[in-house]
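**Student:** To start, I am sharing the structure in question, which I have written as structure tokens.
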Amino acid sequence: MAERRWLAAGLVLLAACNPDTVVHKVGWFATMRHQRNIKPYAMPLNPVPGTVPVTGAEPDSLPLALADKLVNSRTRTAESLNRGQWVYQTYCEVCHGAGGKGDGPISATNGQTPPGPFVGVRSLVDSVARRRSDGYIYGMVINGAALGRGLMPRYWDRVRGTDRWDVVNYVRNLQQQAQGGGR
Ligand code: HEC
């Protein structure tokens with residue numbers, strides 16, 4: 001019987017202990033609560049101009065004026081390149097080719113007879129492509145038509161989030177490799 005009573009008393013105590021109301025009464029916790037920081041919702045921070053969110057809402061197309069101003073939010077680390085390689089092999093290689101020369105299996109420029117059915121595929125490693133900004137390549141991935149380049153399908157709905165910059169980084173790496181460098 002005695003244990004029952006203790007148990008009941010314990011439960012009442014527990015129920016009274018809503019951490020949100022109790023925590024700041026304990027001196028040590030109160031210090032943490034009253035430190036100098038930005039309280040939730042006190043000061044919404046706007047995105048830095050020229051960046052795009054890597055989660056949540058992201059663009060499905062970019063006009064030329066905006067594309068060239070976009071800042072690449074992913075450093076070209078081995079992790080980024082590995083992911084970019086996967087994205088490239090999944091979505092791009094079939095047209096642009098393993099080395100980015102525009103000679104993938106379904107490209108008309110693949111050098112085989114008969115040539116592949118897809119015309120107008122560009123090299124990603126020639127001097128024209130090398131001069132493109134990261135943001136321009138990003139824009140081509142999501143929606144080439146918005147950049148006035150109607151021949152390439154849009155991939156905004158399949159290549160999402162950081163994958164977009166990772167594949168840009170991978171294209172940059174292909175360009176370096178074509179020049180005899182890269183890693
Ligand atoms: C179905 C074939 C196809 C696939 C798949 C494809 N592309 Fe393209 N790509 C093209 C064609 C065609 C063009 C030329 C577009 C134009 O000029 O209208 C092009 C152009 C480009 C350009 C512009 C190069 C330049 O001229 O400066 C980039 C960058 C590019 N593609 C990147 C990619 C990436 C990255 C992927 C994968 C996410 C990809 N493409 C997937 C067909 C394709």
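Residue numbers start at 1 in each chain; chains themselves are named A, B, ... in the order of the structure tokens; ligands are numbered from 1 in the order shown.
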May I have the residues within 12 Å of range 58-71 of chain A as a PyMOL selection string, using only C-alpha atoms and disregarding those fewer than 6 positions away in the same chain?

**Tutor:** chain A and resi 48-52+131-149+154-162+164-165+168

**Student:** Please provide as number ranges by chain all residues within 12 Å of Gln85 in chain A, with the sequence filter that same-chain residues fewer than 4 positions apart are discarded (counting only C-alpha atoms).

**Tutor:** A: 76, 78-81, 89-93, 98-100, 163-174

**Student:** How many Å lie between atom 28 (C, counted along the ligand's line) of ligand 1 and CA of Pro105 in chain A, rounded to one decimal?

**Tutor:**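 Separation of atom 28 (C, counted along the ligand's line) of ligand 1 and CA of Pro105 in chain A: 16.7 Å.
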
**Student:** What separation in Å, quoted to one decimal, exists between CA of Asn72 in chain A and atom 32 (C, counted along the ligand's line) of ligand 1?

**Tutor:**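 Computed distance, CA of Asn72 in chain A to atom 32 (C, counted along the ligand's line) of ligand 1, equals 15.6 Å.
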
**Student:** Could you list, as a PDB file with C-alpha atoms, in the first residue's frame, every residue within 10 Å of range 119-127 of chain A, counting only C-alpha atoms and ignoring same-chain residues fewer than 2 positions away?

**Tutor:**
```pdb
ATOM      1  CA  CYS A  95      23.404  13.571 -73.790  1.00  0.00           C
ATOM      2  CA  HIS A  96      26.583  15.380 -72.759  1.00  0.00           C
ATOM      3  CA  GLY A  97      28.801  12.282 -72.471  1.00  0.00           C
ATOM      4  CA  GLY A  99      33.672  13.671 -70.321  1.00  0.00           C
ATOM      5  CA  GLY A 100      31.159  16.451 -71.081  1.00  0.00           C
ATOM      6  CA  LYS A 101      32.101  16.730 -74.765  1.00  0.00           C
ATOM      7  CA  GLY A 102      28.486  16.616 -76.005  1.00  0.00           C
ATOM      8  CA  ASP A 103      28.930  13.065 -77.275  1.00  0.00           C
ATOM      9  CA  GLY A 104      26.631  11.034 -75.004  1.00  0.00           C
ATOM     10  CA  ILE A 106      21.744   9.757 -77.595  1.00  0.00           C
ATOM     11  CA  SER A 107      23.534  12.837 -78.936  1.00  0.00           C
ATOM     12  CA  ALA A 108      23.714  13.360 -82.694  1.00  0.00           C
ATOM     13  CA  THR A 109      27.343  14.407 -82.218  1.00  0.00           C
ATOM     14  CA  ASN A 110      28.397  11.103 -80.641  1.00  0.00           C
ATOM     15  CA  PRO A 115      24.270   9.254 -84.875  1.00  0.00           C
ATOM     16  CA  GLY A 116      22.019   9.584 -81.829  1.00  0.00           C
ATOM     17  CA  PRO A 117      18.570  11.176 -82.177  1.00  0.00           C
ATOM     18  CA  ALA A 129      31.036  26.636 -71.712  1.00  0.00           C
ATOM     19  CA  ARG A 130      34.116  27.359 -69.596  1.00  0.00           C
ATOM     20  CA  ARG A 131      33.305  31.071 -69.665  1.00  0.00           C
ATOM     21  CA  ARG A 132      29.747  30.539 -68.367  1.00  0.00           C
ATOM     22  CA  ILE A 137      25.007  26.459 -65.575  1.00  0.00           C
ATOM     23  CA  LEU A 151      16.780  22.669 -76.962  1.00  0.00           C
ATOM     24  CA  MET A 152      17.583  21.140 -73.575  1.00  0.00           C
ATOM     25  CA  VAL A 171      30.850  20.221 -64.608  1.00  0.00           C
ATOM     26  CA  ARG A 172      33.638  22.602 -63.520  1.00  0.00           C
ATOM     27  CA  ASN A 173      35.729  19.581 -62.644  1.00  0.00           C
ATOM     28  CA  LEU A 174      35.093  18.021 -66.072  1.00  0.00           C
ATOM     29  CA  GLN A 175      36.265  21.297 -67.615  1.00  0.00           C
ATOM     30  CA  GLN A 176      39.504  21.164 -65.639  1.00  0.00           C
ATOM     31  CA  GLN A 177      40.023  17.534 -66.580  1.00  0.00           C
ATOM     32  CA  ALA A 178      39.504  18.360 -70.273  1.00  0.00           C
ATOM     33  CA  GLN A 179      42.236  20.993 -69.828  1.00  0.00           C
TER      34      GLN A 179
END
```

**Student:** Which residue is closest to ligand 1? Choose from A:Val128, A:Ala57, A:Gly180, A:Ser73 and count only C-alpha atoms and all ligand atoms.

**Tutor:**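 Selected residue with least distance to ligand 1: A:Val128.
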
**Student:** State, in Å with one decimal place, the distance from CA of Tyr88 in chain A to atom 7 (N, counted along the ligand's line) of ligand 1.

**Tutor:**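 For CA of Tyr88 in chain A relative to atom 7 (N, counted along the ligand's line) of ligand 1, the distance reads 10.0 Å.
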
**Student:** Rank A:Pro153, A:Arg36, A:Pro114, A:Arg74 by their smallest atom-to-atom distance to ligand 1, using only C-alpha atoms and all ligand atoms, and report the top residue only.

**Tutor:** A:Pro153

**Student:** Tell me which of A:Thr77, A:Gly111, A:Arg4, A:Val94 sits closest to ligand 1, counting only C-alpha atoms and all ligand atoms.

**Tutor:**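 Of the candidates, the smallest distance to ligand 1 is held by A:Val94.
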